[in-house]
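Have a look at the structure below, then the notes.
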Protein chains: 2
Amino acid sequence: QRFSGGIGSKLCGTLEEARQAPAAQTAGTCGCNKSCTCTKSAVVFSDLYSTDLLPAMDGDTKTMTFLQEVVDILLAYIVESFDRETKVIDFHYPNELLQLNNWELQDEPATLDDILISCRATLKYAIKTAHPRYFNQLSTGLDMVGLAADWLTSTANTNMFTYEVAPVFVLLEYVTLKKMREIIGWPDGRGDGIFSPGGAISNMYAMLLARFKMFPEVKEKGMSSVPRLVAFTSEHSHFSIKKGAAALGIGTESVICIKADESGKMIPADLERRILEAKQKGLVPFFVSATAGTTVYGAFDPLIAISDICKKYSIWMHVDGAWGGSLLMSRRHRWKLDGVERANSVTWNPHKMMSVPLQCSALLVREEGLMQNCNQMHACYLFQQDKQYDLSYDTGDKALQCGRHVDIFKLWLMWRAKGTVGFEAQIDKCLELSEYLYNKIKDREGYEMVFDGKVRHHPTLRFRSHAVREKPLTLVHVAPVIKARMMEYGTTMVGYQPQGDKVNFFRMVISNPAATFEDIDFLIEEIERLGQDL
Amino acid sequence: QRFSGGIGSKLCGTLEEARQAPAAQTAGTCGCNKSCTCTKSAVVFSDLYSTDLLPAMDGDTKTMTFLQEVVDILLAYIVESFDRETKVIDFHYPNELLQLNNWELQDEPATLDDILISCRATLKYAIKTAHPRYFNQLSTGLDMVGLAADWLTSTANTNMFTYEVAPVFVLLEYVTLKKMREIIGWPDGRGDGIFSPGGAISNMYAMLLARFKMFPEVKEKGMSSVPRLVAFTSEHSHFSIKKGAAALGIGTESVICIKADESGKMIPADLERRILEAKQKGLVPFFVSATAGTTVYGAFDPLIAISDICKKYSIWMHVDGAWGGSLLMSRRHRWKLDGVERANSVTWNPHKMMSVPLQCSALLVREEGLMQNCNQMHACYLFQQDKQYDLSYDTGDKALQCGRHVDIFKLWLMWRAKGTVGFEAQIDKCLELSEYLYNKIKDREGYEMVFDGKVRHHPTLRFRSHAVREKPLTLVHVAPVIKARMMEYGTTMVGYQPQGDKVNFFRMVISNPAATFEDIDFLIEEIERLGQDL
């Protein structure tokens, strides 16, 4: 009854049939139980190998039938993923999973039939990240236009380093970065930027730019040519700031962690105190990373106060908005990033709250030309200076990477499909669900907010569930046990962790556009069900 | 006649029809000119928006029909890409391309019909990287099983940081890295490794490991705690070695370029001389990057001689096999990497000569545990120590990245489909075509090999075309003009560049599995045709 629209006849076998009898789909049988005009039966995958597909002679039909068969598997998986009746995960321990299928690589080729079976097996044991009850990470959900765009990107299979080999994608990156800079509030959207493989790399790129801006000689001469540098970030900031400092030869000890208040925001007075302290020791403060949406608490550092301090001491101000940057799309919530326009650089990951498929992370930079100067090496085989077109479109030398995956098309096509207002509505809904969850559990027996939830700035909530109030020592074990049970039952997934002196608590992330009020209700009841005997 | 197999009825409208009348495919008309049972006509995309797709209520049919429509566009593009009658590129200058379509982002949503039009427009102006006459980069071609795997990866839309959210993919990475280490020749495939966003990042990760291995305190204390470090690589090596040194705070001046011989191989005696010179200056040699397949000449540095020197002076030996590492799959050609098993780390990009879709780059490391120690930051929200499963499968903390794209499935599924022998055959064929090209042009009038081609170690050839032998000063312009004409005609694409004191020449790369002897013939004749009036 699900497919009354008749899509079944197109796919030859309704999805329900496919689910019930996946085995029948193999080996050239169509899989539907009625007479059909489907051509699947004309191609017997158990007799075919990858060498029969394009570019093989006469490989067209076999290729299209094979790819269509894969697409049918994917379409079935997609529809299933959104179905609350299915599990989020069919969990197995690593050693079990190794036994459940033959995953080993062989010298000899497998048939295309085996390849289709491998595709089904892979999806069978995958996490359904599109599932309305998957809340485990900052990136959740699956956008259908984004997915279509990613399929197209794979098909175009090119590289972002030059306009020559990625003309449309380079233009779309240009258009989109400009739009993002306008939204940040930089005049006429001027500035620079690039899409990188993720927020950690974007943050590292920002730190690299800040160092180069202050000491351009570091590029040639290294850290031995510059004084001892120090960076500042809140104690709740993402670990990538320290990873970046370790990689860049600055060292993790030169990242000074600024105190955060009870709600997780950086305390500006402590920042200024630590800057002065560092300067007195002869260290050179060069980089402050304020966080817009911390990873665990979802807190927004006070950007205006921080920018005043950065200006006073001439320090590069970076905003790590990997998680919270997307709130800039919401007229109702963007005030939480007031002051972001004063930043020198901003990390903003559309693959988180905007639900763009992974990976899609942007670094936006206020100063034009700096990225190019910082990173360029003028490789003569890519960035020839005697090409026929405007070389400013060869953007590859702005990054540390040489080849760069096309991450832009997903975001661009989704933006096109939703409009700015569509992203806004999606984000506002996440915050509304967060408010709803807060109201449901704040006074509920067995739950406890980790800090006073009055400040609900973000679609992350932190709470504990514990039935054993009289045995507080065991509290540390409650979340892990409930989480393990969630995964075994496969009904929902939500993250947990300790933070500072606070023992394990759940970190509820709502970035999944498929989630509804009903899913929030389900989560609360499921936690209670799974933890009732603890 | 192309689709006599009847796939047309499945796709409702043969590809030929679709090509001839793409406009008719929009707005809910099926696009085929016969009566059909297709359901496309039931869904009118011009009335639909992305909000009508899943997770919308009753969005199943609309979603599947929309995605199927996108797939039909992609399948048509794929078949067209392999057709030698079509252009490699429909080239337009950036300003023209900006005018040819409305690429701007709007506040309001577009209809799904507009989204499909955008998909068609994007592909119309894209490079057909699968085209048998596309030779422009080290990554060319499009593998059908790899593409299917990438579509599945997009659909699974998850992140490699933990087993919890990517159980199958983490296992497949484990299995595949072990196999690659076995092929390198490390006992029982022991060691470590990770897939990174590209060769430049893999090389930087290797340099980071080398520094940490020698001076573990650098992680906390930065470069000010260690002596002046120097790295060594050949003058023909990839620019990412210098980029990495700049980023890591070592500085580009501390990358000492070792002389290469006429064929582009590093001269070991010069390496030893420069190491001794550096040591005499009080500098600390910590890293040698030998190249297996240089970017422009395709040369293989003599790994055994280099490893002897590295051993003698206790220096980390890295092999940048981003391009040439894939020859390890060929029994006939792997001798060019003899000595690779003595390396401490190896970069190997299956997205180059193995034609895995972009991005797919591996860093293999001989010492177990080093990557974890070098990069880990123990983020409590990801790498909880009280999880229910074996934590060694949470591999995310081995990299600088936090989120990490799933790059493994393409390689794993292709390996499964081809077997090791299939990759071997594919690589051997590339080298055979290279030999063929060499023999065709070595004595041909109007061509000149840039260096004596006796040593043809790799499927890259460097040659010049010039009709104007009496005016050698203009030689520098010949390749750029021919290249610009290639792009305007769209018939083929091949890269060019100068190297050292050698002015512009073509760098012919054969990594495209679709290329045949006939395509090599075509290339030679096309260069002559395009350059005949020069």
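Residues in the structure tokens are named by chain (A, B, ... in the order shown) and by number from 1 within that chain; ligands are numbered from 1 in the order shown.
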At a cut-off of 6 Å, list the chain A residues touching chain B, using only C-alpha atoms, as a PDB file with C-alpha atoms, in the first residue's frame.
```pdb
ATOM      1  CA  SER A  50      33.173  -5.575 -14.055  1.00  0.00           C
ATOM      2  CA  PRO A  55      34.279   1.075 -21.298  1.00  0.00           C
ATOM      3  CA  LEU A 105      39.908  -9.106  -0.761  1.00  0.00           C
ATOM      4  CA  GLN A 106      40.792 -11.761  -3.292  1.00  0.00           C
ATOM      5  CA  ASP A 107      43.174 -12.072  -6.205  1.00  0.00           C
ATOM      6  CA  GLU A 108      40.404 -13.175  -8.546  1.00  0.00           C
ATOM      7  CA  PRO A 109      37.420 -11.081  -9.619  1.00  0.00           C
ATOM      8  CA  ALA A 110      33.926 -11.540  -8.241  1.00  0.00           C
ATOM      9  CA  TRP A 151      25.411  11.246  -6.909  1.00  0.00           C
ATOM     10  CA  ALA A 200      39.240  20.375  11.918  1.00  0.00           C
ATOM     11  CA  LYS A 219      56.453  30.045   5.439  1.00  0.00           C
ATOM     12  CA  GLU A 220      60.069  29.913   4.324  1.00  0.00           C
ATOM     13  CA  LYS A 221      61.932  29.953   7.614  1.00  0.00           C
ATOM     14  CA  GLY A 222      59.688  27.986   9.921  1.00  0.00           C
ATOM     15  CA  MET A 223      58.946  28.480  13.582  1.00  0.00           C
ATOM     16  CA  ALA A 246      50.387  20.308  17.470  1.00  0.00           C
ATOM     17  CA  ALA A 247      50.622  19.885  13.710  1.00  0.00           C
ATOM     18  CA  LEU A 248      51.680  23.454  13.000  1.00  0.00           C
ATOM     19  CA  GLY A 249      54.628  23.143  15.357  1.00  0.00           C
ATOM     20  CA  ILE A 250      53.107  25.511  17.880  1.00  0.00           C
ATOM     21  CA  GLY A 251      52.476  22.784  20.422  1.00  0.00           C
ATOM     22  CA  THR A 252      49.441  21.975  22.500  1.00  0.00           C
ATOM     23  CA  GLU A 253      50.914  23.707  25.557  1.00  0.00           C
ATOM     24  CA  CYS A 380      53.974  24.522 -12.914  1.00  0.00           C
ATOM     25  CA  TYR A 381      52.003  21.491 -14.038  1.00  0.00           C
ATOM     26  CA  GLN A 401      45.710  20.160  -0.448  1.00  0.00           C
ATOM     27  CA  CYS A 402      46.580  19.566  -4.058  1.00  0.00           C
ATOM     28  CA  ARG A 416      18.759  26.358  -4.765  1.00  0.00           C
ATOM     29  CA  ALA A 417      16.034  23.885  -3.819  1.00  0.00           C
ATOM     30  CA  LYS A 418      15.234  25.273  -0.378  1.00  0.00           C
ATOM     31  CA  GLY A 419      16.133  28.900  -0.791  1.00  0.00           C
ATOM     32  CA  THR A 420      17.629  30.709   2.172  1.00  0.00           C
ATOM     33  CA  VAL A 421      14.163  30.614   3.750  1.00  0.00           C
ATOM     34  CA  GLN A 497      30.138  11.837  27.489  1.00  0.00           C
ATOM     35  CA  ALA A 514      13.245  14.053   9.813  1.00  0.00           C
TER      36      ALA A 514
END
```
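Distances here use only C-alpha atoms; by that measure, the residue among A:Ala260, A:Met317, A:Val88, A:Met180 closest to Gly193 of chain A is A:Met180.
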DSSP says helix (DSSP H, G or I) for which residues of segment 339-452 of chain B? Put them as JSON, numbers by chain?
-> {"B": [340, 341, 342, 370, 371, 372, 373, 374, 375, 391, 392, 393, 396, 397, 398, 408, 409, 410, 411, 412, 413, 414, 415, 416, 417, 418, 419, 420, 421, 422, 423, 424, 425, 426, 427, 428, 429, 430, 431, 432, 433, 434, 435, 436, 437, 438, 439, 440, 441]}
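The interatomic distance for the pair atom CA of Cys257 of chain A and atom CA of Arg274 of chain A works out to 9.0 Å.
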Selected residue of minimal separation from Glu367 of chain A among A:Trp316, A:Leu327, A:Thr491, A:Ile482, counting only C-alpha atoms = A:Trp316
Can you list every residue in segment 107-263 of chain A that DSSP puts in strand (DSSP E or B), as a ChimeraX atom specification?
-> /A:134-135,192-196,229-234,255-258,260
Excluding Ile258 of chain A and residues on its chain fewer than 6 positions from it, collect all residues at most 9 Å away from it, counting only C-alpha atoms, and give them as a PyMOL selection string.
-> chain A and resi 232-236+266-268+270-271+274
Generate the output file for the selected residues, all heavy atoms, as a compact mmCIF listing (two decimals), in the first residue's frame.
```txt
# COMPACT_ATOMS: atom_id res chain seq x y z
N PHE A 232 44.58 31.06 21.96
CA PHE A 232 43.62 31.04 23.06
C PHE A 232 42.29 30.48 22.56
O PHE A 232 41.82 30.84 21.48
CB PHE A 232 43.40 32.45 23.60
CG PHE A 232 44.68 33.10 24.07
CD1 PHE A 232 45.50 33.77 23.17
CD2 PHE A 232 45.06 33.03 25.41
CE1 PHE A 232 46.69 34.35 23.59
CE2 PHE A 232 46.26 33.61 25.83
CZ PHE A 232 47.07 34.28 24.92
N THR A 233 41.72 29.65 23.38
CA THR A 233 40.39 29.14 23.05
C THR A 233 39.75 28.67 24.35
O THR A 233 40.45 28.50 25.35
CB THR A 233 40.49 28.01 22.00
OG1 THR A 233 39.19 27.72 21.48
CG2 THR A 233 41.10 26.74 22.58
N SER A 234 38.46 28.49 24.36
CA SER A 234 37.82 28.15 25.63
C SER A 234 38.06 26.70 25.99
O SER A 234 38.33 25.87 25.12
CB SER A 234 36.32 28.44 25.58
OG SER A 234 35.58 27.25 25.43
N GLU A 235 37.95 26.41 27.25
CA GLU A 235 38.15 25.03 27.71
C GLU A 235 37.10 24.08 27.11
O GLU A 235 37.30 22.87 27.12
CB GLU A 235 38.13 24.97 29.24
CG GLU A 235 36.85 25.53 29.86
CD GLU A 235 36.87 25.52 31.39
OE1 GLU A 235 37.53 24.65 31.97
OE2 GLU A 235 36.20 26.39 32.01
N HIS A 236 36.02 24.63 26.59
CA HIS A 236 34.99 23.79 25.96
C HIS A 236 35.14 23.72 24.44
O HIS A 236 34.29 23.15 23.77
CB HIS A 236 33.60 24.34 26.29
CG HIS A 236 33.11 23.98 27.65
ND1 HIS A 236 31.90 23.39 27.88
CD2 HIS A 236 33.67 24.13 28.87
CE1 HIS A 236 31.73 23.20 29.18
NE2 HIS A 236 32.80 23.65 29.81
N MET A 266 32.87 31.08 26.82
CA MET A 266 34.15 31.64 27.22
C MET A 266 33.93 32.92 28.06
O MET A 266 33.07 33.74 27.73
CB MET A 266 34.98 32.00 25.98
CG MET A 266 36.42 32.39 26.29
SD MET A 266 37.22 33.24 24.89
CE MET A 266 37.53 31.91 23.76
N ILE A 267 34.76 33.08 29.12
CA ILE A 267 34.65 34.28 29.97
C ILE A 267 35.67 35.31 29.45
O ILE A 267 36.87 35.13 29.59
CB ILE A 267 34.93 33.93 31.44
CG1 ILE A 267 33.90 32.89 31.93
CG2 ILE A 267 34.93 35.17 32.32
CD1 ILE A 267 34.21 32.29 33.29
N PRO A 268 35.19 36.39 28.83
CA PRO A 268 36.12 37.36 28.21
C PRO A 268 37.16 37.92 29.18
O PRO A 268 38.31 38.12 28.79
CB PRO A 268 35.18 38.46 27.68
CG PRO A 268 33.88 37.79 27.51
CD PRO A 268 33.78 36.76 28.60
N ASP A 270 38.59 36.46 31.57
CA ASP A 270 39.68 35.48 31.72
C ASP A 270 40.57 35.48 30.47
O ASP A 270 41.79 35.31 30.58
CB ASP A 270 39.10 34.09 31.97
CG ASP A 270 40.18 33.11 32.47
OD1 ASP A 270 40.88 33.45 33.45
OD2 ASP A 270 40.36 32.04 31.85
N LEU A 271 39.95 35.69 29.31
CA LEU A 271 40.75 35.77 28.07
C LEU A 271 41.75 36.93 28.17
O LEU A 271 42.95 36.75 27.93
CB LEU A 271 39.82 35.98 26.87
CG LEU A 271 40.52 36.27 25.53
CD1 LEU A 271 41.40 35.10 25.08
CD2 LEU A 271 39.50 36.61 24.44
N ARG A 274 44.58 36.22 30.59
CA ARG A 274 45.57 35.25 30.09
C ARG A 274 46.41 35.83 28.96
O ARG A 274 47.57 35.46 28.80
CB ARG A 274 44.86 33.95 29.63
CG ARG A 274 44.05 33.24 30.71
CD ARG A 274 44.89 32.84 31.92
NE ARG A 274 45.94 31.87 31.63
CZ ARG A 274 45.80 30.55 31.68
NH1 ARG A 274 44.63 30.01 32.01
NH2 ARG A 274 46.81 29.75 31.43
```
Please provide the set of residues having any atom within 12 Å of Lys279 of chain A, restricted to only C-alpha atoms, with same-chain residues fewer than 2 positions apart removed, written as a PDB file with all heavy atoms, in the first residue's frame.
```
ATOM      1  N   PRO A 227      58.935  34.474  17.251  1.00  0.00           N
ATOM      2  CA  PRO A 227      58.918  34.298  18.705  1.00  0.00           C
ATOM      3  C   PRO A 227      57.935  33.205  19.125  1.00  0.00           C
ATOM      4  O   PRO A 227      57.196  32.669  18.302  1.00  0.00           O
ATOM      5  CB  PRO A 227      58.464  35.666  19.216  1.00  0.00           C
ATOM      6  CG  PRO A 227      57.809  36.339  18.059  1.00  0.00           C
ATOM      7  CD  PRO A 227      58.402  35.769  16.824  1.00  0.00           C
ATOM      8  N   ARG A 228      57.910  32.878  20.374  1.00  0.00           N
ATOM      9  CA  ARG A 228      56.990  31.864  20.901  1.00  0.00           C
ATOM     10  C   ARG A 228      55.555  32.369  20.786  1.00  0.00           C
ATOM     11  O   ARG A 228      55.188  33.387  21.394  1.00  0.00           O
ATOM     12  CB  ARG A 228      57.308  31.561  22.376  1.00  0.00           C
ATOM     13  CG  ARG A 228      58.528  30.672  22.584  1.00  0.00           C
ATOM     14  CD  ARG A 228      58.219  29.206  22.267  1.00  0.00           C
ATOM     15  NE  ARG A 228      57.176  28.671  23.133  1.00  0.00           N
ATOM     16  CZ  ARG A 228      57.390  28.203  24.364  1.00  0.00           C
ATOM     17  NH1 ARG A 228      58.605  28.182  24.876  1.00  0.00           N
ATOM     18  NH2 ARG A 228      56.394  27.742  25.091  1.00  0.00           N
ATOM     19  N   LEU A 229      54.770  31.645  20.016  1.00  0.00           N
ATOM     20  CA  LEU A 229      53.380  32.056  19.785  1.00  0.00           C
ATOM     21  C   LEU A 229      52.435  31.359  20.752  1.00  0.00           C
ATOM     22  O   LEU A 229      52.701  30.237  21.187  1.00  0.00           O
ATOM     23  CB  LEU A 229      52.975  31.681  18.353  1.00  0.00           C
ATOM     24  CG  LEU A 229      53.854  32.234  17.223  1.00  0.00           C
ATOM     25  CD1 LEU A 229      53.353  31.737  15.871  1.00  0.00           C
ATOM     26  CD2 LEU A 229      53.873  33.755  17.272  1.00  0.00           C
ATOM     27  N   VAL A 230      51.350  32.035  21.077  1.00  0.00           N
ATOM     28  CA  VAL A 230      50.299  31.379  21.870  1.00  0.00           C
ATOM     29  C   VAL A 230      48.934  31.656  21.273  1.00  0.00           C
ATOM     30  O   VAL A 230      48.664  32.753  20.775  1.00  0.00           O
ATOM     31  CB  VAL A 230      50.273  31.825  23.355  1.00  0.00           C
ATOM     32  CG1 VAL A 230      51.207  30.976  24.197  1.00  0.00           C
ATOM     33  CG2 VAL A 230      50.564  33.293  23.501  1.00  0.00           C
ATOM     34  N   ALA A 231      48.097  30.640  21.357  1.00  0.00           N
ATOM     35  CA  ALA A 231      46.714  30.733  20.887  1.00  0.00           C
ATOM     36  C   ALA A 231      45.785  30.580  22.085  1.00  0.00           C
ATOM     37  O   ALA A 231      46.175  30.006  23.108  1.00  0.00           O
ATOM     38  CB  ALA A 231      46.443  29.637  19.862  1.00  0.00           C
ATOM     39  N   GLU A 272      41.256  38.084  28.570  1.00  0.00           N
ATOM     40  CA  GLU A 272      42.148  39.246  28.627  1.00  0.00           C
ATOM     41  C   GLU A 272      43.263  39.018  29.652  1.00  0.00           C
ATOM     42  O   GLU A 272      44.433  39.336  29.405  1.00  0.00           O
ATOM     43  CB  GLU A 272      41.367  40.521  28.947  1.00  0.00           C
ATOM     44  CG  GLU A 272      42.266  41.753  28.915  1.00  0.00           C
ATOM     45  CD  GLU A 272      41.500  43.051  28.693  1.00  0.00           C
ATOM     46  OE1 GLU A 272      40.273  43.062  28.915  1.00  0.00           O
ATOM     47  OE2 GLU A 272      42.137  44.055  28.294  1.00  0.00           O
ATOM     48  N   ARG A 273      42.885  38.454  30.790  1.00  0.00           N
ATOM     49  CA  ARG A 273      43.871  38.180  31.835  1.00  0.00           C
ATOM     50  C   ARG A 273      44.971  37.254  31.307  1.00  0.00           C
ATOM     51  O   ARG A 273      46.163  37.510  31.508  1.00  0.00           O
ATOM     52  CB  ARG A 273      43.156  37.509  33.028  1.00  0.00           C
ATOM     53  CG  ARG A 273      43.999  37.329  34.272  1.00  0.00           C
ATOM     54  CD  ARG A 273      43.181  36.709  35.407  1.00  0.00           C
ATOM     55  NE  ARG A 273      42.795  35.314  35.160  1.00  0.00           N
ATOM     56  CZ  ARG A 273      43.607  34.263  35.273  1.00  0.00           C
ATOM     57  NH1 ARG A 273      44.851  34.429  35.643  1.00  0.00           N
ATOM     58  NH2 ARG A 273      43.162  33.030  35.024  1.00  0.00           N
ATOM     59  N   ARG A 274      44.575  36.215  30.585  1.00  0.00           N
ATOM     60  CA  ARG A 274      45.565  35.247  30.095  1.00  0.00           C
ATOM     61  C   ARG A 274      46.410  35.827  28.962  1.00  0.00           C
ATOM     62  O   ARG A 274      47.573  35.463  28.803  1.00  0.00           O
ATOM     63  CB  ARG A 274      44.860  33.954  29.630  1.00  0.00           C
ATOM     64  CG  ARG A 274      44.047  33.236  30.712  1.00  0.00           C
ATOM     65  CD  ARG A 274      44.889  32.839  31.918  1.00  0.00           C
ATOM     66  NE  ARG A 274      45.937  31.867  31.628  1.00  0.00           N
ATOM     67  CZ  ARG A 274      45.795  30.548  31.678  1.00  0.00           C
ATOM     68  NH1 ARG A 274      44.628  30.007  32.009  1.00  0.00           N
ATOM     69  NH2 ARG A 274      46.815  29.752  31.430  1.00  0.00           N
ATOM     70  N   ILE A 275      45.828  36.718  28.173  1.00  0.00           N
ATOM     71  CA  ILE A 275      46.612  37.393  27.121  1.00  0.00           C
ATOM     72  C   ILE A 275      47.708  38.241  27.770  1.00  0.00           C
ATOM     73  O   ILE A 275      48.882  38.181  27.375  1.00  0.00           O
ATOM     74  CB  ILE A 275      45.701  38.263  26.224  1.00  0.00           C
ATOM     75  CG1 ILE A 275      44.818  37.373  25.334  1.00  0.00           C
ATOM     76  CG2 ILE A 275      46.541  39.217  25.356  1.00  0.00           C
ATOM     77  CD1 ILE A 275      43.763  38.124  24.542  1.00  0.00           C
ATOM     78  N   LEU A 276      47.315  38.998  28.782  1.00  0.00           N
ATOM     79  CA  LEU A 276      48.294  39.858  29.459  1.00  0.00           C
ATOM     80  C   LEU A 276      49.393  39.034  30.120  1.00  0.00           C
ATOM     81  O   LEU A 276      50.578  39.368  30.046  1.00  0.00           O
ATOM     82  CB  LEU A 276      47.582  40.734  30.500  1.00  0.00           C
ATOM     83  CG  LEU A 276      46.729  41.850  29.880  1.00  0.00           C
ATOM     84  CD1 LEU A 276      45.860  42.521  30.940  1.00  0.00           C
ATOM     85  CD2 LEU A 276      47.629  42.875  29.172  1.00  0.00           C
ATOM     86  N   GLU A 277      48.967  37.959  30.732  1.00  0.00           N
ATOM     87  CA  GLU A 277      49.907  37.052  31.392  1.00  0.00           C
ATOM     88  C   GLU A 277      50.927  36.506  30.375  1.00  0.00           C
ATOM     89  O   GLU A 277      52.133  36.464  30.649  1.00  0.00           O
ATOM     90  CB  GLU A 277      49.086  35.898  31.968  1.00  0.00           C
ATOM     91  CG  GLU A 277      49.718  35.082  33.043  1.00  0.00           C
ATOM     92  CD  GLU A 277      48.701  34.053  33.562  1.00  0.00           C
ATOM     93  OE1 GLU A 277      47.929  34.403  34.478  1.00  0.00           O
ATOM     94  OE2 GLU A 277      48.654  32.918  33.031  1.00  0.00           O
ATOM     95  N   LYS A 281      55.091  37.151  29.894  1.00  0.00           N
ATOM     96  CA  LYS A 281      56.103  36.094  29.805  1.00  0.00           C
ATOM     97  C   LYS A 281      56.919  36.182  28.509  1.00  0.00           C
ATOM     98  O   LYS A 281      57.745  35.312  28.230  1.00  0.00           O
ATOM     99  CB  LYS A 281      55.427  34.716  29.827  1.00  0.00           C
ATOM    100  CG  LYS A 281      54.869  34.305  31.167  1.00  0.00           C
ATOM    101  CD  LYS A 281      54.332  32.868  31.073  1.00  0.00           C
ATOM    102  CE  LYS A 281      53.479  32.523  32.270  1.00  0.00           C
ATOM    103  NZ  LYS A 281      52.597  31.383  31.999  1.00  0.00           N
ATOM    104  N   GLY A 282      56.600  37.164  27.681  1.00  0.00           N
ATOM    105  CA  GLY A 282      57.340  37.317  26.426  1.00  0.00           C
ATOM    106  C   GLY A 282      56.772  36.486  25.289  1.00  0.00           C
ATOM    107  O   GLY A 282      57.378  36.384  24.223  1.00  0.00           O
ATOM    108  N   LEU A 283      55.625  35.891  25.520  1.00  0.00           N
ATOM    109  CA  LEU A 283      54.985  35.109  24.450  1.00  0.00           C
ATOM    110  C   LEU A 283      54.166  36.045  23.562  1.00  0.00           C
ATOM    111  O   LEU A 283      53.758  37.127  23.999  1.00  0.00           O
ATOM    112  CB  LEU A 283      54.082  34.031  25.064  1.00  0.00           C
ATOM    113  CG  LEU A 283      54.762  33.141  26.116  1.00  0.00           C
ATOM    114  CD1 LEU A 283      53.740  32.215  26.779  1.00  0.00           C
ATOM    115  CD2 LEU A 283      55.881  32.331  25.485  1.00  0.00           C
ATOM    116  N   VAL A 284      53.925  35.607  22.351  1.00  0.00           N
ATOM    117  CA  VAL A 284      53.194  36.453  21.401  1.00  0.00           C
ATOM    118  C   VAL A 284      51.827  35.847  21.083  1.00  0.00           C
ATOM    119  O   VAL A 284      51.722  34.852  20.374  1.00  0.00           O
ATOM    120  CB  VAL A 284      53.998  36.638  20.095  1.00  0.00           C
ATOM    121  CG1 VAL A 284      53.205  37.454  19.079  1.00  0.00           C
ATOM    122  CG2 VAL A 284      55.327  37.323  20.399  1.00  0.00           C
ATOM    123  N   PRO A 285      50.775  36.445  21.615  1.00  0.00           N
ATOM    124  CA  PRO A 285      49.414  35.977  21.288  1.00  0.00           C
ATOM    125  C   PRO A 285      49.103  36.275  19.824  1.00  0.00           C
ATOM    126  O   PRO A 285      49.267  37.410  19.381  1.00  0.00           O
ATOM    127  CB  PRO A 285      48.519  36.814  22.202  1.00  0.00           C
ATOM    128  CG  PRO A 285      49.434  37.345  23.273  1.00  0.00           C
ATOM    129  CD  PRO A 285      50.754  37.537  22.605  1.00  0.00           C
ATOM    130  N   PHE A 286      48.702  35.252  19.079  1.00  0.00           N
ATOM    131  CA  PHE A 286      48.462  35.481  17.647  1.00  0.00           C
ATOM    132  C   PHE A 286      47.097  35.010  17.182  1.00  0.00           C
ATOM    133  O   PHE A 286      46.676  35.319  16.067  1.00  0.00           O
ATOM    134  CB  PHE A 286      49.544  34.777  16.810  1.00  0.00           C
ATOM    135  CG  PHE A 286      49.303  33.290  16.610  1.00  0.00           C
ATOM    136  CD1 PHE A 286      48.917  32.781  15.371  1.00  0.00           C
ATOM    137  CD2 PHE A 286      49.446  32.405  17.666  1.00  0.00           C
ATOM    138  CE1 PHE A 286      48.668  31.420  15.191  1.00  0.00           C
ATOM    139  CE2 PHE A 286      49.207  31.044  17.488  1.00  0.00           C
ATOM    140  CZ  PHE A 286      48.817  30.548  16.249  1.00  0.00           C
ATOM    141  N   TYR A 313      44.412  43.977  21.322  1.00  0.00           N
ATOM    142  CA  TYR A 313      45.752  43.386  21.352  1.00  0.00           C
ATOM    143  C   TYR A 313      46.230  42.923  19.964  1.00  0.00           C
ATOM    144  O   TYR A 313      47.231  42.214  19.873  1.00  0.00           O
ATOM    145  CB  TYR A 313      45.784  42.229  22.348  1.00  0.00           C
ATOM    146  CG  TYR A 313      45.500  42.700  23.760  1.00  0.00           C
ATOM    147  CD1 TYR A 313      44.237  42.542  24.318  1.00  0.00           C
ATOM    148  CD2 TYR A 313      46.483  43.351  24.516  1.00  0.00           C
ATOM    149  CE1 TYR A 313      43.948  43.003  25.593  1.00  0.00           C
ATOM    150  CE2 TYR A 313      46.206  43.810  25.790  1.00  0.00           C
ATOM    151  CZ  TYR A 313      44.937  43.642  26.328  1.00  0.00           C
ATOM    152  OH  TYR A 313      44.670  44.109  27.590  1.00  0.00           O
TER     153      TYR A 313
END
```
For Arg181 of chain B, list every protein, DNA or RNA residue within 12 Å, evaluated using only C-alpha atoms, and leave out those in the same chain fewer than 4 positions away; present the list as an MDAnalysis selection string.
-> chainID B and resid 174:177 185:194 325 328:329 340:348 362:368
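Across the model, the gap from atom CA of Ala299 of chain B to atom CA of His318 of chain B is 15.9 Å.
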